[in-house]
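J.: One file: entry-v7.txt (compact mmCIF, C-alpha atoms).
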```txt
# COMPACT_ATOMS: atom_id res chain seq x y z
CA MET A 692 -78.46 50.73 -22.22
CA SER A 693 -77.63 53.63 -19.95
CA LYS A 694 -80.29 52.37 -17.56
CA MET A 695 -78.55 49.00 -17.45
CA LYS A 696 -75.28 50.74 -16.63
CA ILE A 697 -76.88 52.64 -13.78
CA VAL A 698 -78.38 49.47 -12.42
CA LEU A 699 -75.05 47.67 -12.66
CA CYS A 700 -73.33 50.61 -11.01
CA LEU A 701 -75.78 50.59 -8.12
CA LEU A 702 -75.50 46.84 -7.74
CA SER A 703 -71.72 46.96 -7.58
CA MET A 704 -71.93 49.79 -5.03
CA PHE A 705 -74.16 47.68 -2.86
CA PHE A 706 -71.76 44.79 -3.23
CA PHE A 707 -68.71 46.78 -2.14
CA MET A 708 -70.61 48.42 0.69
CA ALA A 709 -71.76 45.05 1.90
CA VAL A 710 -68.29 43.51 2.06
CA PRO A 711 -66.91 45.42 5.05
CA VAL A 712 -70.13 44.84 6.97
CA MET A 713 -69.92 41.12 6.37
CA GLY A 714 -66.24 41.17 7.26
CA GLN A 715 -66.88 42.40 10.78
CA ASP A 716 -68.03 38.99 11.89
CA ASP A 717 -64.69 37.48 11.01
CA GLU A 718 -62.82 40.08 13.02
CA GLY A 719 -64.84 39.27 16.18
CA GLU A 720 -63.60 36.84 18.79
CA ASP A 721 -64.26 33.18 18.19
CA TYR A 722 -66.99 31.43 20.10
CA PRO A 723 -68.88 28.19 19.58
CA GLN A 724 -71.56 28.62 16.93
CA GLU A 725 -73.57 25.64 18.14
CA PRO A 726 -75.53 26.07 21.38
CA ILE A 727 -74.16 24.52 24.57
CA ILE A 728 -76.57 21.95 26.02
CA PHE A 729 -76.44 21.14 29.73
CA THR A 730 -77.94 17.82 30.75
CA LYS A 731 -77.06 17.83 34.45
CA PRO A 732 -78.65 18.05 36.92
CA VAL A 733 -81.74 18.01 34.67
CA LYS A 734 -82.24 17.45 30.97
CA ALA A 735 -81.85 19.91 29.34
CA VAL A 736 -80.75 23.56 29.43
CA ILE A 737 -79.67 25.51 26.35
CA PHE A 738 -77.06 28.26 26.26
CA SER A 739 -76.44 30.23 23.11
CA HIS A 740 -73.13 32.10 22.73
CA LYS A 741 -74.61 33.80 19.68
CA THR A 742 -77.45 35.38 21.68
CA HIS A 743 -75.21 36.52 24.50
CA VAL A 744 -72.41 37.90 22.28
CA GLU A 745 -74.28 39.28 19.29
CA ASP A 746 -77.58 40.35 20.80
CA ASN A 747 -76.40 41.37 24.25
CA GLY A 748 -72.87 42.54 23.49
CA LEU A 749 -70.98 40.38 25.98
CA ASP A 750 -67.39 39.40 25.34
CA CYS A 751 -65.39 36.36 26.47
CA ASP A 752 -64.19 38.07 29.66
CA SER A 753 -67.77 38.60 30.80
CA CYS A 754 -68.17 34.92 31.69
CA HIS A 755 -64.72 33.27 31.32
CA ASP A 756 -63.00 31.97 33.34
CA GLU A 757 -65.38 33.32 35.97
CA PRO A 758 -68.05 32.02 36.50
CA PHE A 759 -67.56 29.53 33.67
CA GLU A 760 -64.35 27.80 32.63
CA MET A 761 -63.64 27.74 28.91
CA ALA A 762 -64.01 23.98 28.62
CA ALA A 763 -67.67 23.15 28.00
CA GLY A 764 -69.22 20.87 30.59
CA THR A 765 -66.97 21.91 33.49
CA ALA A 766 -69.72 23.61 35.48
CA GLU A 767 -71.97 20.60 35.04
CA GLU A 768 -69.58 18.47 37.06
CA ASN A 769 -70.07 20.65 40.15
CA ASP A 770 -72.56 19.52 42.76
CA ASP A 771 -73.78 23.08 43.27
CA PHE A 772 -74.64 23.67 39.61
CA ASN A 773 -78.35 24.09 40.33
CA MET A 774 -81.08 26.69 40.59
CA GLU A 775 -80.31 27.40 44.23
CA ALA A 776 -76.80 28.50 43.26
CA LEU A 777 -78.21 30.72 40.53
CA TYR A 778 -80.54 32.42 43.01
CA GLU A 779 -77.49 33.11 45.18
CA GLY A 780 -75.80 34.87 42.28
CA ASN A 781 -73.52 32.10 41.07
CA TYR A 782 -73.08 30.80 37.51
CA CYS A 783 -75.82 32.23 35.23
CA GLY A 784 -77.22 33.99 38.29
CA GLN A 785 -74.32 36.44 38.21
CA CYS A 786 -76.18 38.31 35.47
CA HIS A 787 -79.61 36.68 35.60
CA ASP A 788 -80.55 38.49 38.79
CA GLY A 789 -83.54 40.50 37.59
CA GLU A 790 -81.46 43.64 37.00
CA THR A 791 -78.64 42.88 34.56
CA ALA A 792 -80.72 40.21 32.85
CA PHE A 793 -84.05 38.53 33.54
CA ALA A 794 -84.13 36.79 36.91
CA SER A 795 -83.23 33.12 37.20
CA ASN A 796 -86.64 32.27 38.61
CA LYS A 797 -88.45 33.79 35.64
CA ARG A 798 -89.07 32.58 32.08
CA CYS A 799 -88.00 29.03 32.98
CA THR A 800 -88.53 27.46 29.57
CA LEU A 801 -86.50 30.01 27.62
CA CYS A 802 -83.42 28.09 28.85
CA HIS A 803 -85.00 24.83 30.06
CA ILE A 804 -85.83 23.17 26.75
CA GLY A 805 -86.67 19.84 28.37
CA VAL A 806 -86.26 16.33 27.05
CA LYS A 807 -88.41 17.27 24.07
CA GLY A 808 -86.21 20.23 23.17
CA TYR A 809 -83.11 18.08 23.64
CA ASN A 810 -84.45 15.41 21.31
CA ARG A 811 -85.40 18.05 18.77
CA LEU A 812 -81.84 19.40 18.76
CA GLN A 813 -80.37 15.93 18.44
CA GLY A 814 -82.43 15.64 15.28
CA SER A 815 -83.98 12.57 16.77
CA THR A 816 -85.93 10.85 14.05
CA ALA A 817 -87.07 8.12 16.40
CA PRO A 818 -90.85 7.90 16.33
CA GLU A 819 -92.68 9.34 19.29
CA LYS A 820 -93.27 6.64 21.81
CA GLU A 821 -96.40 8.29 23.07
CA LYS A 822 -99.60 7.42 21.38
CA LYS A 823 -101.13 10.50 19.88
CA GLY A 824 -104.70 9.22 19.86
CA HIS A 825 -106.77 6.22 20.46
CA MET B 186 -116.01 60.92 13.89
CA GLU B 187 -118.58 59.85 16.40
CA ARG B 188 -118.12 56.25 15.42
CA ARG B 189 -114.37 56.55 15.83
CA GLU B 190 -114.78 58.03 19.29
CA PHE B 191 -117.10 55.23 20.18
CA LEU B 192 -114.60 52.60 19.04
CA LYS B 193 -111.83 54.31 20.95
CA LEU B 194 -113.93 54.19 24.06
CA GLY B 195 -114.53 50.49 23.48
CA LEU B 196 -110.78 49.93 23.18
CA LYS B 197 -110.19 51.71 26.43
CA ILE B 198 -112.69 49.57 28.25
CA THR B 199 -111.40 46.29 26.81
CA GLY B 200 -107.88 47.50 27.55
CA VAL B 201 -108.80 47.83 31.17
CA ILE B 202 -110.27 44.36 31.17
CA ALA B 203 -107.22 42.86 29.45
CA GLY B 204 -105.05 44.58 32.03
CA GLY B 205 -106.59 42.37 34.65
CA SER B 206 -108.54 44.96 36.59
CA ILE B 207 -111.92 43.61 35.54
CA LEU B 208 -112.66 42.96 39.18
CA SER B 209 -112.64 46.64 39.97
CA VAL B 210 -114.81 47.48 36.94
CA VAL B 211 -117.40 44.73 37.19
CA ALA B 212 -118.47 43.56 40.59
CA LEU B 213 -118.19 39.77 40.48
CA PRO B 214 -119.17 37.57 43.36
CA GLU B 215 -115.99 36.66 45.21
CA LYS B 216 -116.41 32.99 44.41
CA GLU B 217 -116.35 33.54 40.66
CA ALA B 218 -113.49 35.97 40.84
CA ARG B 219 -111.39 33.56 42.84
CA ALA B 220 -111.13 30.59 40.56
CA LEU B 221 -112.00 29.15 37.18
CA VAL B 222 -113.02 26.05 39.07
CA ASP B 223 -115.46 26.42 41.88
CA MET B 224 -113.65 24.51 44.60
CA GLU B 225 -116.73 24.56 46.80
CA THR B 226 -118.33 21.97 44.52
CA TYR B 227 -115.69 19.53 45.78
CA ASP B 228 -116.70 20.02 49.39
CA GLY B 229 -118.48 17.16 51.09
CA SER B 230 -117.07 14.47 48.79
CA PRO B 231 -117.61 10.92 50.06
CA TYR B 232 -113.88 10.13 49.99
CA ASN B 233 -111.51 10.32 52.93
CA PRO B 234 -108.69 10.70 52.26
CA HIS B 235 -109.70 12.26 48.94
CA TYR B 236 -106.49 12.01 46.93
CA CYS B 237 -105.84 14.67 44.33
CA MET B 238 -102.95 16.49 42.69
CA VAL B 239 -102.18 20.15 42.17
CA ILE B 240 -99.91 20.88 39.21
CA ARG B 241 -98.02 24.16 39.20
CA GLN B 242 -97.91 24.16 35.44
CA ASN B 243 -95.54 27.03 34.68
CA HIS B 244 -92.83 25.46 36.83
CA CYS B 245 -92.57 22.37 34.63
CA VAL B 246 -89.37 22.23 32.55
CA ASP B 247 -89.96 18.83 30.94
CA CYS B 248 -87.02 17.12 32.66
CA GLU B 249 -89.30 14.06 32.65
CA LEU B 250 -87.90 12.67 35.90
CA CYS B 251 -91.56 12.12 36.83
CA LYS B 252 -92.05 9.89 33.79
CA GLU B 253 -88.89 7.95 34.59
CA ALA B 254 -89.98 7.43 38.20
CA CYS B 255 -93.46 6.32 37.13
CA VAL B 256 -92.10 3.83 34.58
CA LYS B 257 -89.75 2.36 37.16
CA THR B 258 -92.28 2.20 39.99
CA ASN B 259 -95.22 0.89 38.00
CA SER B 260 -93.44 -1.18 35.30
CA VAL B 261 -94.86 0.90 32.47
CA PRO B 262 -93.85 -0.43 29.02
CA ASP B 263 -92.41 1.89 26.38
CA TYR B 264 -95.54 1.73 24.21
CA GLY B 265 -97.74 3.30 26.88
CA TYR B 266 -97.70 5.86 29.64
CA ARG B 267 -99.46 6.57 32.92
CA THR B 268 -98.29 10.16 32.92
CA THR B 269 -96.62 12.29 30.30
CA ILE B 270 -95.71 15.89 29.46
CA LEU B 271 -97.41 17.76 26.63
CA GLU B 272 -95.69 20.63 24.89
CA LYS B 273 -96.87 23.80 23.18
CA ARG B 274 -94.38 25.91 21.19
CA LEU B 275 -94.74 29.66 21.74
CA LYS B 276 -92.91 32.88 20.89
CA ASP B 277 -91.95 35.62 23.34
CA PRO B 278 -92.38 39.32 22.39
CA GLU B 279 -88.84 39.36 20.94
CA GLY B 280 -89.70 36.45 18.66
CA ARG B 281 -87.69 33.84 20.53
CA GLU B 282 -89.22 30.39 20.66
CA PHE B 283 -89.91 28.70 23.95
CA SER B 284 -92.18 25.95 25.23
CA SER B 285 -95.02 25.64 27.65
CA PHE B 286 -95.09 22.21 29.25
CA LEU B 287 -98.18 20.53 30.61
CA PRO B 288 -97.95 17.40 32.79
CA VAL B 289 -100.95 15.12 32.31
CA LEU B 290 -102.20 11.95 33.98
CA CYS B 291 -105.48 10.29 34.95
CA ASN B 292 -107.73 12.99 36.41
CA HIS B 293 -109.42 10.61 38.86
CA CYS B 294 -112.71 12.28 37.99
CA MET B 295 -115.62 12.59 40.37
CA ASN B 296 -117.90 11.53 37.48
CA PRO B 297 -115.52 9.27 35.55
CA PRO B 298 -116.76 8.49 32.01
CA CYS B 299 -114.47 5.43 31.91
CA VAL B 300 -116.18 3.87 34.92
CA ARG B 301 -119.63 4.57 33.48
CA VAL B 302 -118.89 2.80 30.16
CA CYS B 303 -116.99 -0.27 31.41
CA PRO B 304 -119.19 -3.30 30.66
CA THR B 305 -117.53 -5.57 33.24
CA LYS B 306 -116.94 -3.12 36.11
CA ALA B 307 -113.21 -3.66 35.65
CA THR B 308 -112.55 -0.01 36.36
CA ILE B 309 -114.09 1.54 39.43
CA LYS B 310 -113.72 4.46 41.75
CA ASP B 311 -112.11 3.31 44.98
CA GLU B 312 -114.74 3.85 47.67
CA LYS B 313 -112.26 5.07 50.24
CA THR B 314 -109.86 7.30 48.32
CA GLY B 315 -111.70 8.19 45.12
CA ILE B 316 -108.82 6.82 43.04
CA VAL B 317 -109.97 5.37 39.70
CA ILE B 318 -108.52 1.87 39.80
CA MET B 319 -108.35 -1.18 37.52
CA ILE B 320 -109.36 -4.69 38.48
CA ASP B 321 -107.16 -6.41 35.92
CA HIS B 322 -108.78 -9.85 35.93
CA LYS B 323 -112.19 -8.35 35.11
CA CYS B 324 -110.89 -6.40 32.09
CA ILE B 325 -111.82 -7.92 28.72
CA GLY B 326 -109.72 -5.43 26.76
CA CYS B 327 -112.62 -3.89 24.86
CA LYS B 328 -110.99 -0.44 25.15
CA THR B 329 -114.33 1.34 25.57
CA CYS B 330 -112.86 3.16 28.57
CA MET B 331 -109.98 4.40 26.41
CA ALA B 332 -112.45 5.92 24.00
CA ALA B 333 -114.51 7.42 26.82
CA CYS B 334 -111.61 9.02 28.70
CA PRO B 335 -111.45 12.75 27.93
CA TYR B 336 -107.79 12.82 28.98
CA ASN B 337 -106.23 10.02 26.92
CA ALA B 338 -104.99 8.58 30.20
CA ARG B 339 -105.36 4.87 29.41
CA TYR B 340 -103.48 2.31 27.30
CA PHE B 341 -103.74 -1.42 26.75
CA ASN B 342 -100.98 -3.28 28.56
CA GLU B 343 -100.00 -6.34 26.52
CA GLU B 344 -98.36 -8.13 29.43
CA LYS B 345 -101.30 -7.67 31.79
CA ARG B 346 -103.82 -8.26 29.00
CA ALA B 347 -105.72 -5.38 30.57
CA ILE B 348 -106.00 -1.62 30.39
CA ASP B 349 -103.42 0.15 32.53
CA LYS B 350 -103.55 3.65 33.96
CA CYS B 351 -102.35 5.90 36.76
CA ASN B 352 -103.67 4.85 40.15
CA PHE B 353 -101.71 7.42 42.19
CA CYS B 354 -99.27 4.55 42.97
CA LEU B 355 -101.96 3.01 45.23
CA ASP B 356 -100.59 -0.53 45.01
CA THR B 357 -96.92 0.32 44.59
CA ARG B 358 -96.51 3.07 47.19
CA LEU B 359 -99.57 4.34 49.10
CA SER B 360 -100.53 0.86 50.32
CA LYS B 361 -96.96 0.47 51.56
CA GLY B 362 -97.17 3.53 53.77
CA LYS B 363 -95.62 6.07 51.42
CA LYS B 364 -97.31 9.45 51.45
CA THR B 365 -96.88 10.55 47.87
CA THR B 366 -96.73 9.29 44.29
CA ALA B 367 -93.51 8.40 42.50
CA CYS B 368 -93.90 11.29 40.04
CA ALA B 369 -94.49 13.88 42.77
CA GLU B 370 -91.52 12.61 44.74
CA ALA B 371 -89.24 12.70 41.68
CA CYS B 372 -90.15 16.23 40.58
CA PRO B 373 -87.22 18.58 41.31
CA ALA B 374 -89.34 21.72 40.88
CA ASN B 375 -92.23 20.67 43.12
CA VAL B 376 -94.59 20.97 40.16
CA ARG B 377 -96.70 18.00 41.27
CA VAL B 378 -98.18 18.32 44.72
CA PHE B 379 -100.05 15.21 45.85
CA GLY B 380 -102.35 15.14 48.84
CA ASP B 381 -105.71 14.87 50.52
CA LEU B 382 -108.36 17.36 49.45
CA ALA B 383 -110.57 16.35 52.38
CA ASP B 384 -107.92 17.58 54.80
CA ARG B 385 -108.13 21.36 55.11
CA LYS B 386 -104.63 21.48 56.55
CA SER B 387 -103.07 19.73 53.55
CA GLU B 388 -100.88 21.54 51.05
CA VAL B 389 -103.22 20.65 48.17
CA TRP B 390 -106.17 22.20 49.99
CA LYS B 391 -104.20 25.37 50.65
CA LEU B 392 -102.92 25.57 47.06
CA THR B 393 -106.45 25.25 45.69
CA HIS B 394 -108.01 27.72 48.10
CA GLU B 395 -105.83 30.81 47.84
CA PRO B 396 -108.21 33.69 47.14
CA ASP B 397 -106.03 35.41 44.52
CA LYS B 398 -104.91 32.33 42.60
CA ALA B 399 -106.84 30.95 39.65
CA ILE B 400 -107.31 27.19 39.55
CA TRP B 401 -108.23 25.38 36.38
CA VAL B 402 -108.86 21.85 35.22
CA LEU B 403 -108.56 20.27 31.79
CA ARG B 404 -111.71 19.89 29.71
CA PRO B 405 -114.20 21.09 32.34
CA GLU B 406 -116.97 21.01 29.74
CA THR B 407 -117.14 17.21 29.88
CA GLY B 408 -118.64 17.41 33.36
CA ALA B 409 -116.29 14.66 34.53
CA LYS B 410 -115.22 16.85 37.46
CA PRO B 411 -111.52 16.00 37.55
CA VAL B 412 -109.35 16.25 40.67
CA ILE B 413 -106.11 17.16 38.92
CA PHE B 414 -105.97 20.90 39.52
CA TYR B 415 -103.71 23.29 37.66
CA ARG B 416 -102.42 26.66 38.76
CA ASN B 417 -99.63 29.10 38.02
CA ASP B 418 -97.71 31.21 40.45
```
As structure tokens, how would this structure be written, given the file I've shared?

T.:
Amino acid sequence: MSKMKIVLCLLSMFFFMAVPVMGQDDEGEDYPQEPIIFTKPVKAVIFSHKTHVEDNGLDCDSCHDEPFEMAAGTAEENDDFNMEALYEGNYCGQCHDGETAFASNKRCTLCHIGVKGYNRLQGSTAPEKEKKGH
Amino acid sequence: MERREFLKLGLKITGVIAGGSILSVVALPEKEARALVDMETYDGSPYNPHYCMVIRQNHCVDCELCKEACVKTNSVPDYGYRTTILEKRLKDPEGREFSSFLPVLCNHCMNPPCVRVCPTKATIKDEKTGIVIMIDHKCIGCKTCMAACPYNARYFNEEKRAIDKCNFCLDTRLSKGKKTTACAEACPANVRVFGDLADRKSEVWKLTHEPDKAIWVLRPETGAKPVIFYRND
């Protein structure tokens, strides 16, 4: 019986220790949990707030309202929202310059998920139009 | 202990090779070191212009504007394709998933298996350009060419009642004076470079003959000798 008590004691300790750790997430600033998907000028580019905030320690001020407005899709409406602008240090290129973060002309498909990636995210259950074999 | 030392030594050597400095360790003839495909075997081809395509594979982001342009230009139905993009899912060292995209189309082979098997000579290699073309009215729809093609580049077009495939936009664009295919023109990343391999001043010739760039083709073991060349930058 005493063993059971010890086990229970340890379990409850773990439980109470875990609570404040779990609570930290709630205290953090709010950001969209779902990835942002850009479809202009090409389909499609993925941006994850989670990766940038949690893994890389950025906060809202890092990107808002410069270079990106809070409202999703605003940058997409600009004619200069393209790779050329990124290479010149605008938009994502402000950090993705090869020093702060990986350069904009490297690792293309980490962000460019393509039409296939877009369809995957949409949970498209439509059958593949392409014939897989003969 | 001796065995361990020996294995360590082996690791060191293979490490050097994996690091890409094999050329300095083993003296390879320049030709072999230069490319996975020996471009010299394409010299002296009977075609002029000899149309081909160089695909800078790692620049493809699967935007599929090439597919859209092809469908529009060549009236491709939704149950078939003349060109498409294949995808392979990979993981980077940090465990994040990403894709590698591979544009594919008819390889306009020098030794085309489809042409060899066609019982009615409905698919032939154009004598001037080397483009593998269809003569629709000769096609009986037996689909033997589909089975023979190593690249899955053919489909049966219900409306034409014939096999359909990429012909480098020969009828829809090249014959009308345009210099490139619809897919190459539509590509925003310049992944598809179309041109004349017989012209040593062309971009495709230059891209396939840079001494330090590896060129590869799909399924070289078939001996079909394709003219869709792939490279990375």

J.: Residues of chain B that have any atom at most 12 Å from an atom of chain A: could you tabulate them with the shortest-distance atom pair and the distance in Å to one decimal, using all atoms listed in the file, ordered by chain and increasing number, as a tab-separated table?

T.:
```
residue	atom	partner	partner_atom	distance
B:Gln242	CA	A:Cys799	CA	11.3
B:Asn243	CA	A:Cys799	CA	8.0
B:His244	CA	A:Cys799	CA	7.1
B:Cys245	CA	A:Thr800	CA	8.2
B:Val246	CA	A:Gly805	CA	5.5
B:Asp247	CA	A:Gly805	CA	4.3
B:Cys248	CA	A:Lys734	CA	5.1
B:Glu249	CA	A:Val806	CA	6.8
B:Leu250	CA	A:Val733	CA	8.2
B:Cys251	CA	A:Val733	CA	11.7
B:Lys252	CA	A:Val806	CA	11.0
B:Glu253	CA	A:Val806	CA	11.6
B:Pro262	CA	A:Lys820	CA	10.1
B:Asp263	CA	A:Lys820	CA	6.6
B:Tyr264	CA	A:Lys820	CA	5.9
B:Gly265	CA	A:Glu821	CA	6.4
B:Tyr266	CA	A:Glu821	CA	7.1
B:Arg267	CA	A:Glu821	CA	10.5
B:Thr268	CA	A:Glu821	CA	10.2
B:Thr269	CA	A:Glu821	CA	8.3
B:Ile270	CA	A:Lys807	CA	9.2
B:Leu271	CA	A:Lys807	CA	9.4
B:Glu272	CA	A:Lys807	CA	8.1
B:Lys273	CA	A:Lys807	CA	10.7
B:Arg274	CA	A:Gly808	CA	10.1
B:Leu275	CA	A:Leu801	CA	10.1
B:Lys276	CA	A:Leu801	CA	9.7
B:Asp277	CA	A:Leu801	CA	8.9
B:Glu279	CA	A:Asp746	CA	11.3
B:Gly280	CA	A:Leu801	CA	11.5
B:Arg281	CA	A:Leu801	CA	8.1
B:Glu282	CA	A:Leu801	CA	7.5
B:Phe283	CA	A:Leu801	CA	5.2
B:Ser284	CA	A:Thr800	CA	5.9
B:Ser285	CA	A:Thr800	CA	7.0
B:Phe286	CA	A:Thr800	CA	8.4
B:Leu287	CA	A:Gly805	CA	11.7
B:Lys328	CA	A:His825	CA	9.2
B:Thr329	CA	A:His825	CA	10.3
B:Cys330	CA	A:His825	CA	10.6
B:Met331	CA	A:His825	CA	7.0
B:Ala332	CA	A:His825	CA	6.7
B:Ala333	CA	A:His825	CA	10.1
B:Cys334	CA	A:His825	CA	10.0
B:Pro335	CA	A:His825	CA	11.0
B:Tyr336	CA	A:Gly824	CA	10.3
B:Asn337	CA	A:Gly824	CA	7.3
B:Ala338	CA	A:His825	CA	10.2
B:Arg339	CA	A:His825	CA	9.2
B:Tyr340	CA	A:His825	CA	8.5
B:Phe341	CA	A:His825	CA	10.3
B:Ala371	CA	A:Val733	CA	11.6
B:Cys372	CA	A:Val733	CA	10.4
B:Pro373	CA	A:Val733	CA	8.6
B:Ala374	CA	A:Met774	CA	9.6
B:Asp418	CA	A:Lys797	CA	10.7
```

J.: Would you tabulate, counting only C-alpha atoms, all residues of range 298-363 of chain B that have an atom at most 12 Å from an atom of range 221-239 of chain B, showing the closest pair of atoms and their distance in Å to one decimal, sorted by chain then ascending number, as CSV?

T.:
```
residue,atom,partner,partner_atom,distance
B:Lys310,CA,B:Tyr232,CA,10.0
B:Asp311,CA,B:Tyr232,CA,8.6
B:Glu312,CA,B:Tyr232,CA,6.7
B:Lys313,CA,B:Tyr232,CA,5.3
B:Thr314,CA,B:His235,CA,5.0
B:Gly315,CA,B:Tyr232,CA,5.7
B:Ile316,CA,B:Tyr236,CA,6.9
B:Val317,CA,B:Tyr236,CA,10.4
B:Asn352,CA,B:Tyr236,CA,10.3
B:Phe353,CA,B:Tyr236,CA,8.1
B:Cys354,CA,B:Tyr236,CA,11.1
B:Leu355,CA,B:Tyr236,CA,10.2
B:Leu359,CA,B:Tyr236,CA,10.6
```

J.: Quote the spacing between CA of Leu403 in chain B and CA of Tyr415 in chain B in Å to one decimal place.

T.: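 Separating CA of Leu403 in chain B from CA of Tyr415 in chain B is a distance of 8.2 Å.
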
J.: Could you tell me how far CA of Phe414 in chain B sits from CA of Trp401 in chain B, in Å to one decimal place?

T.: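 Taking CA of Trp401 in chain B as the start and CA of Phe414 in chain B as the end point, the length is 5.9 Å.
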
J.: What is the distance between CA of Cys327 in chain B and CA of Glu344 in chain B, in Å to one decimal?

T.: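 Going from CA of Cys327 in chain B over to CA of Glu344 in chain B covers 15.6 Å.
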
J.: For each of B:Ala367, B:Val389, B:Val376, B:Met319, take the minimum atom-to-atom distance to Val256 in chain B, counting all atoms listed in the file, then give the residue where this is smallest.

T.: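 For Val256 in chain B, the nearest of the given residues is B:Ala367.
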
J.: Find the residue from A:Lys731, A:Lys694, A:His743, A:Arg811 that sits nearest to Cys786 in chain A; use only C-alpha atoms when measuring.

T.: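 Using only C-alpha atoms, the shortest distance to Cys786 in chain A belongs to A:His743.
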
J.: May I have the protein, DNA and RNA residues with an atom at most 10 Å from (-119.9, -3.9, 29.0), counting all atoms listed in the file in the file's coordinates, returned as a list in words?

T.: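 Residues satisfying the cut-off, written out: Arg301, Val302, Cys303, Pro304, Thr305, Lys306, Ala307, Cys324, Ile325, Cys327, Thr329 and Cys330 of chain B.
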
J.: Contacts of Thr791 in chain A at 12 Å or less, counting only C-alpha atoms, minus same-chain residues fewer than 5 places along, as a PyMOL selection string?

T.: chain A and resi 747+749+780+783-786

J.: From the structure just shown, export range 377-392 of chain B with N, CA and C atoms as a PDB file, in the first residue's frame.

T.:
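The new file decode30.pdb reads:
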```pdb
ATOM      1  N   ARG B 377      11.677  25.466 -67.152  1.00  0.00           N
ATOM      2  CA  ARG B 377      11.691  24.787 -68.439  1.00  0.00           C
ATOM      3  C   ARG B 377      12.342  25.676 -69.483  1.00  0.00           C
ATOM      4  N   VAL B 378      13.461  25.216 -69.984  1.00  0.00           N
ATOM      5  CA  VAL B 378      14.148  25.972 -71.035  1.00  0.00           C
ATOM      6  C   VAL B 378      14.084  25.149 -72.315  1.00  0.00           C
ATOM      7  N   PHE B 379      13.387  25.708 -73.317  1.00  0.00           N
ATOM      8  CA  PHE B 379      13.188  25.011 -74.579  1.00  0.00           C
ATOM      9  C   PHE B 379      14.139  25.571 -75.623  1.00  0.00           C
ATOM     10  N   GLY B 380      14.674  24.716 -76.480  1.00  0.00           N
ATOM     11  CA  GLY B 380      15.555  25.244 -77.510  1.00  0.00           C
ATOM     12  C   GLY B 380      16.124  24.184 -78.432  1.00  0.00           C
ATOM     13  N   ASP B 381      17.113  24.606 -79.183  1.00  0.00           N
ATOM     14  CA  ASP B 381      17.702  23.802 -80.245  1.00  0.00           C
ATOM     15  C   ASP B 381      19.072  23.283 -79.818  1.00  0.00           C
ATOM     16  N   LEU B 382      19.149  21.968 -79.647  1.00  0.00           N
ATOM     17  CA  LEU B 382      20.404  21.360 -79.195  1.00  0.00           C
ATOM     18  C   LEU B 382      21.466  21.364 -80.294  1.00  0.00           C
ATOM     19  N   ALA B 383      21.024  21.526 -81.540  1.00  0.00           N
ATOM     20  CA  ALA B 383      21.985  21.539 -82.649  1.00  0.00           C
ATOM     21  C   ALA B 383      22.686  22.898 -82.772  1.00  0.00           C
ATOM     22  N   ASP B 384      22.119  23.887 -82.078  1.00  0.00           N
ATOM     23  CA  ASP B 384      22.696  25.230 -82.139  1.00  0.00           C
ATOM     24  C   ASP B 384      23.582  25.453 -80.912  1.00  0.00           C
ATOM     25  N   ARG B 385      24.859  25.546 -81.119  1.00  0.00           N
ATOM     26  CA  ARG B 385      25.800  25.648 -80.002  1.00  0.00           C
ATOM     27  C   ARG B 385      25.742  26.996 -79.293  1.00  0.00           C
ATOM     28  N   LYS B 386      24.987  27.931 -79.881  1.00  0.00           N
ATOM     29  CA  LYS B 386      24.833  29.221 -79.210  1.00  0.00           C
ATOM     30  C   LYS B 386      23.537  29.283 -78.396  1.00  0.00           C
ATOM     31  N   SER B 387      22.737  28.222 -78.472  1.00  0.00           N
ATOM     32  CA  SER B 387      21.442  28.243 -77.778  1.00  0.00           C
ATOM     33  C   SER B 387      21.633  28.071 -76.270  1.00  0.00           C
ATOM     34  N   GLU B 388      20.595  28.520 -75.541  1.00  0.00           N
ATOM     35  CA  GLU B 388      20.668  28.420 -74.081  1.00  0.00           C
ATOM     36  C   GLU B 388      20.679  26.952 -73.648  1.00  0.00           C
ATOM     37  N   VAL B 389      19.905  26.109 -74.345  1.00  0.00           N
ATOM     38  CA  VAL B 389      19.864  24.692 -73.949  1.00  0.00           C
ATOM     39  C   VAL B 389      21.227  24.026 -74.143  1.00  0.00           C
ATOM     40  N   TRP B 390      21.928  24.426 -75.191  1.00  0.00           N
ATOM     41  CA  TRP B 390      23.257  23.835 -75.407  1.00  0.00           C
ATOM     42  C   TRP B 390      24.195  24.260 -74.278  1.00  0.00           C
ATOM     43  N   LYS B 391      24.122  25.551 -73.951  1.00  0.00           N
ATOM     44  CA  LYS B 391      24.996  26.054 -72.879  1.00  0.00           C
ATOM     45  C   LYS B 391      24.669  25.389 -71.546  1.00  0.00           C
ATOM     46  N   LEU B 392      23.368  25.272 -71.241  1.00  0.00           N
ATOM     47  CA  LEU B 392      22.965  24.673 -69.961  1.00  0.00           C
ATOM     48  C   LEU B 392      23.394  23.216 -69.839  1.00  0.00           C
TER      49      LEU B 392
END
```
